[in-house]
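Undergrad: Here you go, this is target.cif (mmCIF, C-alpha atoms).
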```cif
data_structure
loop_
_atom_site.group_PDB
_atom_site.id
_atom_site.type_symbol
_atom_site.label_atom_id
_atom_site.label_comp_id
_atom_site.auth_asym_id
_atom_site.auth_seq_id
_atom_site.Cartn_x
_atom_site.Cartn_y
_atom_site.Cartn_z
ATOM 1 C CA MET A 1 -46.798 -87.515 -9.485
ATOM 2 C CA LEU A 2 -49.690 -89.084 -11.403
ATOM 3 C CA ALA A 3 -50.047 -92.870 -11.837
ATOM 4 C CA ASP A 4 -51.597 -92.730 -15.300
ATOM 5 C CA VAL A 5 -52.323 -96.295 -16.413
ATOM 6 C CA GLY A 6 -52.405 -96.510 -20.188
ATOM 7 C CA SER A 7 -51.537 -92.788 -20.414
ATOM 8 C CA ALA A 8 -55.280 -92.037 -20.328
ATOM 9 C CA THR A 9 -54.981 -88.619 -18.668
ATOM 10 C CA ILE A 10 -51.956 -87.705 -20.770
ATOM 11 C CA LYS A 11 -53.947 -88.417 -23.925
ATOM 12 C CA ARG A 12 -56.966 -86.418 -22.718
ATOM 13 C CA TYR A 13 -54.730 -83.403 -22.190
ATOM 14 C CA GLY A 14 -53.231 -83.854 -25.654
ATOM 15 C CA ILE A 15 -49.647 -84.066 -24.391
ATOM 16 C CA LEU A 16 -48.705 -87.649 -25.274
ATOM 17 C CA ASN A 17 -45.105 -87.813 -26.455
ATOM 18 C CA THR A 18 -45.214 -89.939 -29.611
ATOM 19 C CA VAL A 19 -41.497 -89.634 -30.398
ATOM 20 C CA SER A 20 -40.660 -92.631 -28.190
ATOM 21 C CA ALA A 21 -43.053 -94.976 -29.972
ATOM 22 C CA GLU A 22 -41.935 -93.711 -33.356
ATOM 23 C CA ALA A 23 -38.291 -94.364 -32.500
ATOM 24 C CA LEU A 24 -39.138 -98.000 -31.756
ATOM 25 C CA GLY A 25 -41.329 -98.425 -34.846
ATOM 26 C CA PRO A 26 -40.646 -98.909 -38.536
ATOM 27 C CA ASN A 27 -39.392 -95.314 -38.848
ATOM 28 C CA GLY A 28 -36.811 -95.754 -36.106
ATOM 29 C CA ASP A 29 -33.923 -95.454 -38.557
ATOM 30 C CA ASP A 30 -35.219 -92.192 -40.037
ATOM 31 C CA PRO A 31 -32.562 -89.478 -39.454
ATOM 32 C CA ALA A 32 -35.275 -87.003 -38.400
ATOM 33 C CA VAL A 33 -36.596 -89.423 -35.762
ATOM 34 C CA LEU A 34 -33.089 -90.166 -34.538
ATOM 35 C CA ALA A 35 -32.457 -86.423 -34.205
ATOM 36 C CA ASP A 36 -35.732 -85.822 -32.323
ATOM 37 C CA PHE A 37 -35.252 -88.518 -29.689
ATOM 38 C CA PRO A 38 -32.418 -86.877 -27.684
ATOM 39 C CA LEU A 39 -34.212 -83.518 -27.849
ATOM 40 C CA TYR A 40 -37.718 -84.587 -26.831
ATOM 41 C CA VAL A 41 -37.217 -87.841 -24.906
ATOM 42 C CA SER A 42 -33.780 -88.800 -23.576
ATOM 43 C CA VAL A 43 -30.093 -88.803 -24.369
ATOM 44 C CA THR A 44 -30.136 -92.570 -23.795
ATOM 45 C CA SER A 45 -31.105 -95.103 -26.486
ATOM 46 C CA PRO A 46 -34.825 -95.626 -27.297
ATOM 47 C CA ASN A 47 -36.535 -98.317 -25.226
ATOM 48 C CA GLU A 48 -40.025 -99.312 -24.118
ATOM 49 C CA ARG A 49 -39.934 -97.521 -20.775
ATOM 50 C CA PHE A 50 -40.231 -94.158 -22.535
ATOM 51 C CA VAL A 51 -43.420 -95.102 -24.409
ATOM 52 C CA GLY A 52 -46.548 -93.435 -23.042
ATOM 53 C CA ILE A 53 -44.874 -90.497 -21.325
ATOM 54 C CA ALA A 54 -46.027 -86.880 -21.620
ATOM 55 C CA TYR A 55 -44.298 -83.824 -22.955
ATOM 56 C CA PRO A 56 -43.106 -81.958 -19.826
ATOM 57 C CA GLY A 57 -45.044 -78.864 -18.899
ATOM 58 C CA THR A 58 -46.977 -77.018 -16.245
ATOM 59 C CA PHE A 59 -50.724 -76.347 -16.035
ATOM 60 C CA MET A 60 -52.035 -73.526 -13.834
ATOM 61 C CA LEU A 61 -55.550 -74.018 -12.439
ATOM 62 C CA ASP A 62 -57.870 -71.657 -10.576
ATOM 63 C CA THR A 63 -59.849 -72.566 -7.464
ATOM 64 C CA GLU A 64 -62.596 -74.038 -9.664
ATOM 65 C CA GLY A 65 -60.185 -76.398 -11.397
ATOM 66 C CA VAL A 66 -60.211 -74.448 -14.677
ATOM 67 C CA VAL A 67 -56.906 -74.287 -16.562
ATOM 68 C CA THR A 68 -55.915 -70.616 -16.750
ATOM 69 C CA ALA A 69 -52.417 -70.971 -18.209
ATOM 70 C CA ARG A 70 -49.975 -73.599 -19.381
ATOM 71 C CA PHE A 71 -46.262 -73.605 -20.043
ATOM 72 C CA PHE A 72 -44.378 -76.055 -22.240
ATOM 73 C CA GLU A 73 -40.728 -75.960 -23.203
ATOM 74 C CA ASP A 74 -39.250 -76.998 -26.538
ATOM 75 C CA PHE A 75 -36.850 -79.601 -25.158
ATOM 76 C CA TYR A 76 -37.224 -81.998 -22.244
ATOM 77 C CA GLN A 77 -34.011 -80.852 -20.550
ATOM 78 C CA GLU A 78 -35.288 -77.253 -20.362
ATOM 79 C CA ARG A 79 -37.757 -76.441 -17.577
ATOM 80 C CA ASN A 80 -39.359 -73.256 -16.260
ATOM 81 C CA THR A 81 -38.513 -72.556 -12.646
ATOM 82 C CA ALA A 82 -41.507 -72.261 -10.332
ATOM 83 C CA ALA A 83 -40.610 -68.633 -9.572
ATOM 84 C CA ASN A 84 -40.511 -67.811 -13.283
ATOM 85 C CA ILE A 85 -43.975 -69.250 -13.852
ATOM 86 C CA LEU A 86 -45.413 -67.290 -10.925
ATOM 87 C CA ILE A 87 -43.981 -64.054 -12.313
ATOM 88 C CA LYS A 88 -45.374 -64.754 -15.788
ATOM 89 C CA VAL A 89 -48.907 -65.385 -14.486
ATOM 90 C CA GLY A 90 -48.801 -62.253 -12.346
ATOM 91 C CA ALA A 91 -48.815 -64.066 -9.016
ATOM 92 C CA GLY A 92 -46.295 -61.728 -7.442
ATOM 93 C CA GLY A 93 -42.714 -60.651 -7.944
ATOM 94 C CA SER A 94 -39.608 -62.577 -7.028
ATOM 95 C CA SER A 95 -38.408 -62.910 -3.427
ATOM 96 C CA VAL A 96 -34.902 -62.033 -4.668
ATOM 97 C CA GLN A 97 -33.550 -58.699 -3.500
ATOM 98 C CA GLY A 98 -33.954 -56.124 -6.255
ATOM 99 C CA THR A 99 -31.979 -53.065 -7.364
ATOM 100 C CA GLU A 100 -33.791 -49.736 -7.576
ATOM 101 C CA ILE A 101 -32.882 -46.957 -10.009
ATOM 102 C CA SER A 102 -34.568 -43.590 -10.451
ATOM 103 C CA THR A 103 -34.420 -41.250 -13.453
ATOM 104 C CA SER A 104 -36.250 -38.017 -14.168
ATOM 105 C CA HIS A 105 -38.864 -39.989 -16.098
ATOM 106 C CA ILE A 106 -39.269 -43.457 -14.546
ATOM 107 C CA GLN A 107 -38.629 -45.580 -11.461
ATOM 108 C CA ILE A 108 -36.894 -48.894 -12.181
ATOM 109 C CA ARG A 109 -36.584 -52.055 -10.103
ATOM 110 C CA THR A 110 -34.554 -54.974 -11.445
ATOM 111 C CA TYR A 111 -34.277 -58.550 -10.123
ATOM 112 C CA PRO A 112 -33.908 -62.122 -11.389
ATOM 113 C CA SER A 113 -36.803 -64.529 -10.902
ATOM 114 C CA ASP A 114 -34.410 -66.910 -9.097
ATOM 115 C CA SER A 115 -31.345 -66.278 -6.966
ATOM 116 C CA VAL A 116 -29.769 -69.586 -8.014
ATOM 117 C CA ILE A 117 -30.188 -71.489 -11.294
ATOM 118 C CA ALA A 118 -28.956 -74.723 -12.891
ATOM 119 C CA ARG A 119 -28.300 -75.978 -16.400
ATOM 120 C CA GLY A 120 -31.497 -76.409 -18.383
ATOM 121 C CA GLU A 121 -33.561 -74.003 -16.287
ATOM 122 C CA LEU A 122 -35.633 -71.237 -17.852
ATOM 123 C CA PHE A 123 -35.789 -68.105 -15.701
ATOM 124 C CA SER A 124 -36.308 -64.364 -16.125
ATOM 125 C CA LEU A 125 -34.447 -61.104 -15.717
ATOM 126 C CA ALA A 126 -37.192 -58.702 -14.667
ATOM 127 C CA VAL A 127 -37.429 -54.918 -14.979
ATOM 128 C CA GLU A 128 -40.354 -53.286 -13.165
ATOM 129 C CA ILE A 129 -41.006 -49.797 -14.561
ATOM 130 C CA THR A 130 -43.144 -47.072 -13.012
ATOM 131 C CA PRO A 131 -43.476 -43.824 -15.009
ATOM 132 C CA GLN A 132 -43.109 -40.658 -12.957
ATOM 133 C CA PRO A 133 -46.317 -38.603 -12.525
ATOM 134 C CA ASN A 134 -47.638 -37.249 -15.865
ATOM 135 C CA MET A 135 -44.955 -39.178 -17.773
ATOM 136 C CA HIS A 136 -45.334 -41.875 -20.389
ATOM 137 C CA VAL A 137 -42.909 -44.027 -22.381
ATOM 138 C CA TYR A 138 -43.494 -45.480 -25.818
ATOM 139 C CA ALA A 139 -44.699 -48.993 -26.593
ATOM 140 C CA PRO A 140 -44.192 -51.094 -29.749
ATOM 141 C CA GLY A 141 -46.007 -49.509 -32.683
ATOM 142 C CA ALA A 142 -45.124 -45.921 -31.772
ATOM 143 C CA GLU A 143 -43.612 -44.615 -34.999
ATOM 144 C CA GLY A 144 -41.046 -41.841 -34.780
ATOM 145 C CA TYR A 145 -40.284 -42.453 -31.086
ATOM 146 C CA ARG A 146 -37.783 -44.625 -29.185
ATOM 147 C CA VAL A 147 -39.820 -47.627 -28.034
ATOM 148 C CA ILE A 148 -38.819 -48.862 -24.581
ATOM 149 C CA THR A 149 -36.513 -51.833 -25.056
ATOM 150 C CA LEU A 150 -34.469 -54.093 -22.813
ATOM 151 C CA SER A 151 -31.156 -55.196 -24.346
ATOM 152 C CA ILE A 152 -28.979 -57.899 -22.772
ATOM 153 C CA GLU A 153 -25.408 -58.612 -23.832
ATOM 154 C CA PRO A 154 -25.150 -62.145 -25.290
ATOM 155 C CA GLN A 155 -22.803 -64.547 -23.559
ATOM 156 C CA ARG A 156 -21.655 -68.134 -23.409
ATOM 157 C CA PHE A 157 -23.840 -70.800 -21.782
ATOM 158 C CA VAL A 158 -27.199 -69.014 -22.184
ATOM 159 C CA ARG A 159 -29.881 -68.391 -24.819
ATOM 160 C CA LEU A 160 -32.040 -65.276 -24.695
ATOM 161 C CA LEU A 161 -35.687 -65.651 -25.705
ATOM 162 C CA PRO A 162 -37.641 -62.857 -27.453
ATOM 163 C CA ILE A 163 -39.056 -60.240 -25.074
ATOM 164 C CA GLN A 164 -42.837 -59.974 -25.006
ATOM 165 C CA HIS A 165 -44.020 -56.432 -24.254
ATOM 166 C CA PRO A 166 -47.187 -56.158 -22.135
ATOM 167 C CA ALA A 167 -50.367 -54.582 -23.472
ATOM 168 C CA SER A 168 -50.178 -50.810 -23.880
ATOM 169 C CA GLU A 169 -52.752 -48.025 -24.097
ATOM 170 C CA ILE A 170 -53.394 -45.309 -26.681
ATOM 171 C CA TYR A 171 -52.389 -41.821 -25.653
ATOM 172 C CA TYR A 172 -53.615 -38.670 -27.366
ATOM 173 C CA PHE A 173 -50.762 -36.156 -27.615
ATOM 174 C CA GLU A 174 -52.603 -32.895 -28.149
ATOM 175 C CA PRO A 175 -49.656 -30.648 -29.201
ATOM 176 C CA LEU A 176 -49.106 -32.833 -32.300
ATOM 177 C CA ASP A 177 -52.682 -34.107 -32.621
ATOM 178 C CA GLU A 178 -51.498 -37.739 -32.643
ATOM 179 C CA ARG A 179 -52.448 -40.999 -30.981
ATOM 180 C CA VAL A 180 -49.646 -43.382 -30.019
ATOM 181 C CA PRO A 181 -49.291 -46.563 -27.928
ATOM 182 C CA VAL A 182 -47.663 -45.831 -24.561
ATOM 183 C CA TYR A 183 -47.184 -47.025 -20.996
ATOM 184 C CA GLN A 184 -48.388 -44.597 -18.323
ATOM 185 C CA LYS A 185 -48.973 -47.135 -15.537
ATOM 186 C CA PRO A 186 -46.515 -49.541 -13.861
ATOM 187 C CA PHE A 187 -45.509 -52.497 -16.051
ATOM 188 C CA THR A 188 -42.834 -55.184 -16.227
ATOM 189 C CA LEU A 189 -40.479 -56.337 -18.962
ATOM 190 C CA LEU A 190 -39.263 -59.938 -18.707
ATOM 191 C CA GLN A 191 -36.179 -61.195 -20.479
ATOM 192 C CA GLU A 192 -36.425 -64.966 -20.346
ATOM 193 C CA VAL A 193 -33.149 -66.874 -20.318
ATOM 194 C CA VAL A 194 -32.362 -70.551 -20.866
ATOM 195 C CA THR A 195 -29.098 -71.942 -19.550
ATOM 196 C CA GLU A 196 -27.728 -74.375 -22.095
ATOM 197 C CA THR A 197 -24.352 -76.064 -22.402
ATOM 198 C CA LEU A 198 -22.732 -78.594 -24.652
ATOM 199 C CA ARG A 199 -21.818 -81.825 -22.900
ATOM 200 C CA GLU A 200 -18.108 -80.981 -22.957
ATOM 201 C CA GLU A 201 -18.783 -77.532 -21.393
ATOM 202 C CA ARG A 202 -20.954 -78.616 -18.484
ATOM 203 C CA ALA A 203 -18.183 -78.889 -15.910
ATOM 204 C CA ALA A 204 -16.928 -75.405 -16.809
ATOM 205 C CA PHE A 205 -20.430 -73.966 -16.341
ATOM 206 C CA ASP A 206 -21.009 -75.658 -12.982
ATOM 207 C CA GLU A 207 -17.663 -74.414 -11.668
ATOM 208 C CA MET A 208 -18.388 -70.757 -12.461
ATOM 209 C CA GLY A 209 -20.303 -70.206 -9.232
ATOM 210 C CA THR A 210 -22.179 -67.145 -10.488
ATOM 211 C CA LEU A 211 -23.477 -65.779 -13.763
ATOM 212 C CA THR A 212 -23.691 -62.019 -14.350
ATOM 213 C CA PHE A 213 -25.840 -60.406 -17.044
ATOM 214 C CA THR A 214 -25.319 -56.845 -18.240
ATOM 215 C CA GLY A 215 -27.495 -54.759 -20.497
ATOM 216 C CA SER A 216 -29.438 -51.545 -20.796
ATOM 217 C CA LEU A 217 -32.948 -50.150 -20.787
ATOM 218 C CA GLU A 218 -33.532 -47.826 -23.738
ATOM 219 C CA TYR A 219 -36.531 -45.498 -23.777
ATOM 220 C CA GLN A 220 -37.933 -42.084 -24.642
ATOM 221 C CA ALA A 221 -40.316 -40.321 -22.270
ATOM 222 C CA CYS A 222 -42.773 -37.465 -22.713
ATOM 223 C CA ASP A 223 -45.170 -35.572 -20.511
ATOM 224 C CA ASP A 224 -48.294 -33.791 -21.736
ATOM 225 C CA LYS A 225 -46.243 -30.971 -23.253
ATOM 226 C CA VAL A 226 -42.629 -32.012 -23.866
ATOM 227 C CA CYS A 227 -40.856 -35.021 -25.392
ATOM 228 C CA TYR A 228 -37.433 -35.640 -23.857
ATOM 229 C CA ASN A 229 -34.269 -37.015 -25.430
ATOM 230 C CA PRO A 230 -33.837 -40.821 -25.554
ATOM 231 C CA VAL A 231 -32.186 -42.354 -22.492
ATOM 232 C CA SER A 232 -30.055 -45.484 -21.949
ATOM 233 C CA VAL A 233 -29.877 -46.891 -18.396
ATOM 234 C CA PRO A 234 -27.187 -49.553 -17.702
ATOM 235 C CA LEU A 235 -28.478 -52.625 -15.807
ATOM 236 C CA SER A 236 -27.047 -55.828 -14.373
ATOM 237 C CA TRP A 237 -28.208 -59.022 -12.651
ATOM 238 C CA THR A 238 -26.212 -61.769 -10.914
ATOM 239 C CA VAL A 239 -27.467 -65.285 -10.167
ATOM 240 C CA GLY A 240 -25.785 -68.209 -8.456
ATOM 241 C CA ILE A 241 -25.196 -71.553 -10.171
ATOM 242 C CA LYS A 242 -26.245 -74.787 -8.477
ATOM 243 C CA PRO A 243 -25.027 -78.277 -9.394
ATOM 244 C CA PHE A 244 -26.959 -79.881 -12.243
ATOM 245 C CA VAL A 245 -29.367 -82.710 -11.424
ATOM 246 C CA SER A 246 -30.155 -84.979 -14.380
ATOM 247 C CA ARG A 247 -33.848 -85.137 -15.320
ATOM 248 C CA GLN A 248 -33.944 -88.621 -16.740
ATOM 249 C CA ARG A 249 -37.312 -89.531 -18.198
ATOM 250 C CA ARG A 250 -39.261 -92.280 -16.437
ATOM 251 C CA PRO A 251 -42.634 -93.764 -17.360
#
```
Output the file's structure in the form of structure tokens.

TA:
Amino acid sequence: MLADVGSATIKRYGILNTVSAEALGPNGDDPAVLADFPLYVSVTSPNERFVGIAYPGTFMLDTEGVVTARFFEDFYQERNTAANILIKVGAGGSSVQGTEISTSHIQIRTYPSDSVIARGELFSLAVEITPQPNMHVYAPGAEGYRVITLSIEPQRFVRLLPIQHPASEIYYFEPLDERVPVYQKPFTLLQEVVTETLREERAAFDEMGTLTFTGSLEYQACDDKVCYNPVSVPLSWTVGIKPFVSRQRRP
């Protein structure tokens, strides 16, 4: 925790939350300001103790003190778990036991970033994919082929964020004299999930005990001579639910 007198460090990092001051100023009755306050500051009424606080986020630094990554959420009640951040920066996979699946074309390992989650936490459903020898699967931008895609069934209490595919490489397919983006080396797809509940639903969420996600991995694989039919692999993940702890903003 940083004792930041006058919010000097917060201002230098460019993360000063100005919504609090605006809510106490001449625009405090503006409907837009009133709508922003519970999203970006607190569900309580505006008061002076919220002035000078930062937008919540995480900075990742290297051994030289250089910022290498940063993560900020849209709303103050939503926070990345530490395990999710470590996965996103490539600092190792989750310690959660994974499930391994093998097909004729790829090896698959699935796991959640966290074994237990709470309301407001942002975590990931991970799929590690290793193409079999001499195999490749198609990346976004490959026209005429089934691009590898992770699909998760929507459900109550959670919001699914857009999947970001990792960088691919260009493969020259000699039989058709074409160049297409593919994955030939191991890579990981991350489906980020935010647990969110309306106030009147929170007790129901906390009492569930576990949350199970189901979905499928869709792909088409080829080797250096043959393109195979598209494949759909069913997947599932289960995480525990821990009691919610309120993150009330303090100066």

Undergrad: Given the choices A:Gln132, A:Asn80, A:Ser104, A:Ser42, which gets closest to Tyr228 in chain A if the distance is worked out from only C-alpha atoms?

TA: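 Nearest candidate to Tyr228 in chain A out of A:Gln132, A:Asn80, A:Ser104, A:Ser42: A:Ser104.
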
Undergrad: Report as an MDAnalysis selection string all protein, DNA and RNA residues lying within 9 Å of range 169-185 of chain A, evaluated on only C-alpha atoms, omitting residues in the same chain fewer than 6 positions from it.

TA: chainID A and resid 129:143 147 224:226

Undergrad: Mind checking which residues fall within 6 Å of range 118-128 of chain A, counting all atoms listed in the file, ignoring those fewer than 2 positions away in the same chain, and posting them as a PyMOL selection string?

TA: chain A and resi 77-80+84+108-113+187-196+241-242+244

Undergrad: If we count all atoms listed in the file, what is near Val89 in chain A at a cut-off of 10 Å, once residues fewer than 6 positions away on the same chain are taken out, given as a short mmCIF file (atom, residue, chain, number, x, y, z; two decimals) with C-alpha atoms, keeping the file's coordinate frame?

TA:
```cif
data_model
loop_
_atom_site.label_atom_id
_atom_site.label_comp_id
_atom_site.auth_asym_id
_atom_site.auth_seq_id
_atom_site.Cartn_x
_atom_site.Cartn_y
_atom_site.Cartn_z
CA MET A 60 -52.04 -73.53 -13.83
CA THR A 68 -55.92 -70.62 -16.75
CA ALA A 69 -52.42 -70.97 -18.21
CA ARG A 70 -49.98 -73.60 -19.38
#
```

Undergrad: Near Tyr55 in chain A, counting all atoms listed in the file, which residues have an atom at most 10 Å away, once you skip same-chain residues fewer than 5 positions from it, shown as a PyMOL selection string?

TA: chain A and resi 10+14-19+40-41+72-76

Undergrad: Would you compute the distance between CA of Val233 in chain A and CA of Lys88 in chain A? Give it in Å to one decimal.

TA: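 One can read the CA of Val233 in chain A to CA of Lys88 in chain A distance as 23.8 Å.
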
Undergrad: Just write range 166-235 of chain A with C-alpha atoms, as a short mmCIF file (atom, residue, chain, number, x, y, z; two decimals), in the first residue's frame, taken from the block above.

TA:
```
data_model
loop_
_atom_site.label_atom_id
_atom_site.label_comp_id
_atom_site.auth_asym_id
_atom_site.auth_seq_id
_atom_site.Cartn_x
_atom_site.Cartn_y
_atom_site.Cartn_z
CA PRO A 166 -1.84 -15.06 -30.22
CA ALA A 167 0.46 -14.10 -33.07
CA SER A 168 0.58 -16.64 -35.90
CA GLU A 169 3.05 -17.43 -38.67
CA ILE A 170 2.70 -17.64 -42.45
CA TYR A 171 2.76 -21.12 -43.89
CA TYR A 172 3.39 -21.89 -47.55
CA PHE A 173 1.12 -24.74 -48.67
CA GLU A 174 2.86 -25.99 -51.79
CA PRO A 175 0.08 -28.23 -53.23
CA LEU A 176 -2.17 -25.16 -53.65
CA ASP A 177 0.61 -22.57 -53.97
CA GLU A 178 -0.88 -20.47 -51.15
CA ARG A 179 0.34 -18.68 -48.05
CA VAL A 180 -1.92 -18.70 -44.99
CA PRO A 181 -1.62 -17.76 -41.30
CA VAL A 182 -1.31 -20.85 -39.10
CA TYR A 183 -0.15 -22.21 -35.76
CA GLN A 184 2.49 -24.95 -35.97
CA LYS A 185 4.03 -24.46 -32.52
CA PRO A 186 2.40 -24.72 -29.06
CA PHE A 187 0.10 -21.80 -28.21
CA THR A 188 -2.64 -20.90 -25.74
CA LEU A 189 -6.14 -19.52 -26.13
CA LEU A 190 -7.53 -17.61 -23.14
CA GLN A 191 -11.21 -17.00 -22.62
CA GLU A 192 -11.41 -14.29 -20.00
CA VAL A 193 -14.47 -14.31 -17.76
CA VAL A 194 -15.88 -11.71 -15.38
CA THR A 195 -18.25 -12.82 -12.64
CA GLU A 196 -20.97 -10.23 -12.29
CA THR A 197 -24.25 -10.26 -10.41
CA LEU A 198 -27.06 -7.87 -9.73
CA ARG A 199 -27.41 -6.93 -6.07
CA GLU A 200 -30.55 -9.05 -5.68
CA GLU A 201 -28.77 -12.11 -7.19
CA ARG A 202 -25.62 -12.07 -5.09
CA ALA A 203 -26.81 -14.48 -2.42
CA ALA A 204 -27.90 -16.98 -5.08
CA PHE A 205 -24.46 -16.81 -6.72
CA ASP A 206 -22.54 -17.25 -3.46
CA GLU A 207 -24.65 -20.28 -2.52
CA MET A 208 -23.95 -22.14 -5.78
CA GLY A 209 -20.66 -23.55 -4.52
CA THR A 210 -19.26 -24.24 -7.99
CA LEU A 211 -19.54 -22.82 -11.48
CA THR A 212 -19.17 -25.08 -14.52
CA PHE A 213 -18.41 -23.82 -18.03
CA THR A 214 -18.99 -25.90 -21.15
CA GLY A 215 -17.94 -25.21 -24.70
CA SER A 216 -15.99 -26.52 -27.65
CA LEU A 217 -12.77 -26.05 -29.56
CA GLU A 218 -13.40 -25.80 -33.30
CA TYR A 219 -10.53 -26.18 -35.76
CA GLN A 220 -9.31 -27.54 -39.08
CA ALA A 221 -5.87 -29.14 -39.36
CA CYS A 222 -3.60 -29.90 -42.30
CA ASP A 223 -0.22 -31.49 -42.79
CA ASP A 224 2.12 -30.77 -45.69
CA LYS A 225 -0.04 -32.78 -48.09
CA VAL A 226 -3.60 -33.20 -46.79
CA CYS A 227 -6.25 -30.94 -45.25
CA TYR A 228 -8.55 -32.79 -42.86
CA ASN A 229 -12.22 -32.24 -42.10
CA PRO A 230 -13.14 -29.64 -39.44
CA VAL A 231 -13.28 -30.96 -35.88
CA SER A 232 -15.26 -29.93 -32.77
CA VAL A 233 -13.87 -31.00 -29.37
CA PRO A 234 -16.20 -30.62 -26.33
CA LEU A 235 -14.55 -28.96 -23.29
#
```
